[in-house]
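Remarks on the structure that follows.
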Amino acid sequence: MSRSYRFDRFELRPTERLLYVQGDPAPLGSRAIDLLLALVERHGCLVTKHELLDLVWPGVVVEENNLQVQVSTLRKVLGARSIVTVPGRGYRFVEPVVVDSGAASGPPPTARTSDSVEALWAAATADSPLSVLPALPSRILGRDRDLAALEDQADRPLVTIVGPGGIGKTALALAAAHAGRRRMRDGVAWVELAAITDPALVVTVVAQALGLPTNADAPLASLLVGLRPLNVLLVLDNAEHLLDAVAHLANAIVEAAPQVRVLVTSQLALKVPAEQVFRLNALSVPEHGALMDEALAHGAVALFVDQAQAADRRFALADANVAMVIALCHRLDGVALAIKLAASRMPLLGLQGIWMRLDERFRLLASRGTQNLLPARHQTLLAALEWSHDLLGPDEQAVFRRLSVFSGGFSLALVSVVTSDDRLDEWTVIDLLGELVDRSLVSVDAVLEGADAPRYRLLESTLAFAELKLADSSEREAMAQRHARAVAGLMDRAYEGYWAMPDNAWLNTYGPEIDNVRKALEWARQNDPGLAVTLVGAASVLFLLLGLAPECRQHALALQTQAESMSASESLARYWVERSRLHWGISNGLMHEFALRAAKQCRDVGDQRGLYMALRCQAGSGVVSPQDAMGLLDEMARLEHTGWPVRLKLQRLLAEVGVLKAGDFMIEARLVCDTLLIRAQAAGLDAVVSATLSDLASVSLALGDTDAAIRACRKLLSRGCHRRDNFVLHALAIVASASLIQGDAHQARGSLTDFVAASRSRDWEWLGLYSGLLALLAAVEGRHEAAARVLGHADQAYRQLGSRDAQALKARAQAKALIQQALDATAIERLSAEGADMDPETLCAWALARDDA
């Protein structure tokens, strides 16, 4: 009796080597029959490719694609779902089979029970996943929270991991796939799309990974039929260059196969209804100055250390190198690919060598010895960025390269002005910028409090790449010019806004533009000095409020010859006004000289606000007599307009406090301070509040109320924790003065030590004014020779400053008296001469030394 196999509408008769379909022989060749017999005899079990090749082609060496051809032939006759592919392993016959040991008679059953087939399908695939996943190449460092957040989205039908090239999307998706393979009844299918260039092949490639056949006439429809009963995670990696095709497929799967979960990695979201976008950010980087254990808790440092040790087992993170590792990770923006490629250079270059060559990053960040392990686009950072760039249209590429003219990020307003042209208008640029954001080539920063729009930026490596593209174009010089002019225009608006806006709101809006201002100034100084003069005058308040007055003084000094040759204008007058303000506490004489120039310019061009500020600087310089200063205040009062903003009108009150203090009218000065404080706090003018607290402290000290002086200084210093104005210097000096009056030399030393550190960071602002106080500390501590040297420096500084500050003069006088009691006149004269020639660093070393040398 011959044996036969019955399934669905079919009967396989081995002895006849025929397959009958409802009683009629099917047109199958001998190899197809042998293959079918091998599978049917082992139905429900996985039969590997090697086993099938040995069974169907015994003793013959054939290509594996012969097996695939015969499987395809069988599926055309049996139906798509009878033979399941287990990718990378083999095939499984999943139809219910009835074995008949007697002679076959009549056709097999013509119907099938759908439920039993579905049950068998599930049972047949439960013990083995549909896909053999790529192995995890290394530990996924710094992504624990991201992986947990991604797993929280596991029930979503479609999740797209979005991020720039090299950020780690594939690694995260692979980790999620490995973590989720047991959760899915039918396992996980991994589909690598990077090598696919034809969108029409997407469905075919997915079907192949799932082991499902496709109908050439309707590939998507047949794929969806096969997917419908499956509970599988389908991962589509690197979809950005096939976006429309992948979006269409993913949307169709979501609608047709409710148990399928689709995970996509792409630089751009699919933008289909069911999509949940999971935006992957760079690895966390610790703050500069973090200790070793804290640094290792951040993903960027952990990844660098891991990869560096893999490349060079001698490397270890230590206290001596942690600062450089942190700085390196900052320069690489926490981008995983860049960090891995940099770490791979450890054996050849070492950590210092990597750091020194970062400016050549596209040569540095190229893999060595891993060409066969990494996709081509990940073998160098440049290749990864080229991959992303090639996906852009011509207009997107134009805006992208033009963005490289910005430094430290950019606002939408600046982008619209700089990157638009006759063909790309403002709204088109906005749309194109949105596309670049969607493609993860441009990052969006959080909106700061008080700012009305977000800022955008290119990561450092992306910026360097965009600069290369701009250099290759013919636009570089034109873009640099447009950038400088646009920044100058922005700073003009910022200067106007400064007078009417609260400090925090103003700084949050314009403070982030400081790097763009620096870059614009660098270009303008070399190519358009007149524009540079305008820009320095407009941006001066930005430097002042950021605590960067020394830097702005250098910019202004470099442009003085140009300014002196220019015709009168409001922008030139502003330059002289702001130069005067920049020399407060540095040189009273220069402050007064520049204020005089500003006043003349303002009178010539009819600039009343500029004249008002020039008069304020003259009155506050300390050079003019009290009577002349009062006359300047009267002229300021006559210039005032009722519609002027509060900050502007408060300038006269600030000047009045200075004039009253110089005339020793301390009670009157305190009353004006009280008024100033109330009005400045109500308007949110933090810089004016700090200035007023400083004046209140000095007035209280002059009135002998040392406790009130210290209280005012404590308030000012507590504000200084989050402010960068130079009134912190005054507060520290006044606390020291009050402490010496109270007999607490230890407290005075601590305050003056902090004062020196703060003054040093500001190009020695106010050191000259308070050098007599440093001499007094040395004298009180009994270090009389040091005190004499410091006093010699103080005498010269006072002459240069032209200072009329009563407390400074009092401290100098007290120090001189103590020195004269301890030393003879000849020694004092010699030591004072030595001190007069000392640089600030040497002066402070003598002032704060513990014992006389």
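Order determines the names: the first chain of the structure tokens is A, the second B, and so forth; residues in each chain are numbered 1 upward, and ligands are numbered 1 upward as they are shown.
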
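Residue neighbourhood of Val325 in chain A, excluding near-sequence residues (fewer than 3 positions): A:Val301, A:Phe304, A:Val305, A:Leu317, A:Asn321, A:Val322, A:Leu328, A:Cys329, A:His330, A:Leu351, A:Trp355, at 9 Å, using only C-alpha atoms.
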
- Polymer residues at most 7 Å from Arg6 in chain A, only C-alpha atoms, same-chain spacing of 5 or more positions, as number ranges by chain: A: 11-12, 97-99, 108

- Query: Between A:Ser621, A:Leu36, A:Ala310, A:Ala336, which has the minimum distance to Val77 in chain A (counting only C-alpha atoms)?
  - Reply: A:Leu36

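When CA of Leu831 in chain A is paired with CA of Ala786 in chain A, their separation reads 8.1 Å.
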
- Query: Near range 660-676 of chain A, within 12 Å and counting only C-alpha atoms, which residues show up once chain neighbours fewer than 5 positions away are dropped, as a VMD selection string?
  - Reply: chain A and resid 619 to 630 633 646 to 647 649 to 655 681 to 683 685 to 705 708 to 709 712 803 to 809

Would you mind exporting C-alpha atoms of the selected residues as a CSV table (one decimal), in the first residue's frame?
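Once written, again_26.csv looks like this:
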```csv
chain,number,residue,atom,x,y,z
A,619,ALA,CA,28.4,113.9,35.4
A,620,GLY,CA,29.2,110.4,36.6
A,621,SER,CA,32.9,110.4,35.5
A,622,GLY,CA,34.1,112.0,38.8
A,623,VAL,CA,36.2,114.4,36.8
A,624,VAL,CA,34.0,117.5,36.8
A,625,SER,CA,33.4,119.7,39.9
A,626,PRO,CA,30.2,119.2,41.9
A,627,GLN,CA,28.9,122.5,40.7
A,628,ASP,CA,29.5,121.6,37.0
A,629,ALA,CA,28.0,118.2,37.7
A,630,MET,CA,24.8,119.7,39.0
A,633,LEU,CA,22.0,117.2,35.8
A,646,VAL,CA,11.7,104.2,32.7
A,647,ARG,CA,15.3,102.8,32.3
A,649,LYS,CA,14.8,108.4,32.8
A,650,LEU,CA,16.4,106.6,35.7
A,651,GLN,CA,19.8,107.4,34.3
A,652,ARG,CA,19.5,111.0,35.7
A,653,LEU,CA,18.7,109.7,39.2
A,654,LEU,CA,21.7,107.3,39.0
A,655,ALA,CA,23.9,110.2,38.0
A,681,GLN,CA,12.3,96.8,40.9
A,682,ALA,CA,8.9,97.6,39.5
A,683,ALA,CA,10.2,97.7,36.0
A,685,LEU,CA,15.6,96.5,35.6
A,686,ASP,CA,18.0,94.2,37.4
A,687,ALA,CA,21.1,96.1,36.4
A,688,VAL,CA,19.7,99.3,37.9
A,689,VAL,CA,18.7,97.4,41.0
A,690,SER,CA,22.3,96.2,41.4
A,691,ALA,CA,23.7,99.7,40.8
A,692,THR,CA,21.3,101.1,43.4
A,693,LEU,CA,22.1,98.5,46.0
A,694,SER,CA,25.8,99.2,45.5
A,695,ASP,CA,25.2,102.9,46.0
A,696,LEU,CA,23.1,102.2,49.1
A,697,ALA,CA,25.9,100.1,50.6
A,698,SER,CA,28.5,102.8,50.0
A,699,VAL,CA,26.2,105.5,51.4
A,700,SER,CA,25.5,103.5,54.5
A,701,LEU,CA,29.2,102.9,55.0
A,702,ALA,CA,29.8,106.7,54.7
A,703,LEU,CA,27.1,107.3,57.2
A,704,GLY,CA,28.8,104.9,59.6
A,705,ASP,CA,26.1,102.2,59.4
A,708,ALA,CA,23.3,98.3,56.8
A,709,ALA,CA,26.1,98.5,54.3
A,712,ALA,CA,22.9,95.8,51.1
A,803,SER,CA,38.9,109.6,41.6
A,804,ARG,CA,36.8,111.6,44.0
A,805,ASP,CA,35.4,108.5,45.8
A,806,ALA,CA,35.3,109.5,49.5
A,807,GLN,CA,35.5,105.9,50.9
A,808,ALA,CA,38.4,105.0,48.6
A,809,LEU,CA,40.3,108.1,49.7
```

- Message: I want to know what sits within 7 Å of Asp100 in chain A, based on only C-alpha atoms, with residues of the same chain fewer than 3 positions away left out; could you give that as a ChimeraX atom specification?
- Response: /A:3-5

Just N, CA and C atoms for this one: save the residues we selected as a CSV table (one decimal), in the first residue's frame.
```csv
chain,number,residue,atom,x,y,z
A,3,ARG,N,1.8,5.3,0.5
A,3,ARG,CA,1.4,6.3,1.4
A,3,ARG,C,1.2,7.6,0.6
A,4,SER,N,0.2,8.4,1.1
A,4,SER,CA,0.0,9.7,0.5
A,4,SER,C,-0.2,10.8,1.6
A,5,TYR,N,-0.1,12.0,1.2
A,5,TYR,CA,-0.3,13.1,2.2
A,5,TYR,C,-1.4,14.0,1.7
```

- Query: What's the 9 Å shell around range 24-26 of chain A, counting only C-alpha atoms, without same-chain residues fewer than 4 positions away, as a VMD selection string?
  - Reply: chain A and resid 18 to 20 77 107

- Message: What's the separation between CA of Asp754 in chain A and CA of Gln742 in chain A, in Å to one decimal place?
- Response: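 CA of Asp754 in chain A sits 19.1 Å away from CA of Gln742 in chain A.
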
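Restricting the calculation to only C-alpha atoms, the smallest distance between Ala173 in chain A and any of A:Met479, A:Ile819, A:Ile140, A:Leu767 is found for A:Ile140.
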
- Message: Which residues are close to range 275-281 of chain A, i.e. within 10 Å by only C-alpha atoms, leaving aside same-chain residues fewer than 3 positions away? Reply as a ChimeraX atom specification.
- Response: /A:143,146,149-150,153,156-164,167-169,172,247,250-251,254,262-272,284,334-335,438,440,443

- With a distance cut-off of 10 Å and only C-alpha atoms, select the neighbouring residues of Gln208 in chain A, excluding the residue or stretch itself and same-chain residues fewer than 4 positions from it, and output the selection as a VMD selection string. chain A and resid 85 to 87 189 191 202 to 204 212 to 214 223

- Task: Calculate how many Å separate CA of Phe543 in chain A from CA of Ile514 in chain A, rounding to one decimal.
- Result: 7.8 Å

- Message: Quick check for you: according to DSSP on this backbone, which residues of range 434-474 of chain A are classed as strand (DSSP E or B)? Reply as a PyMOL selection string.
- Response: chain A and resi 443-444+455-457
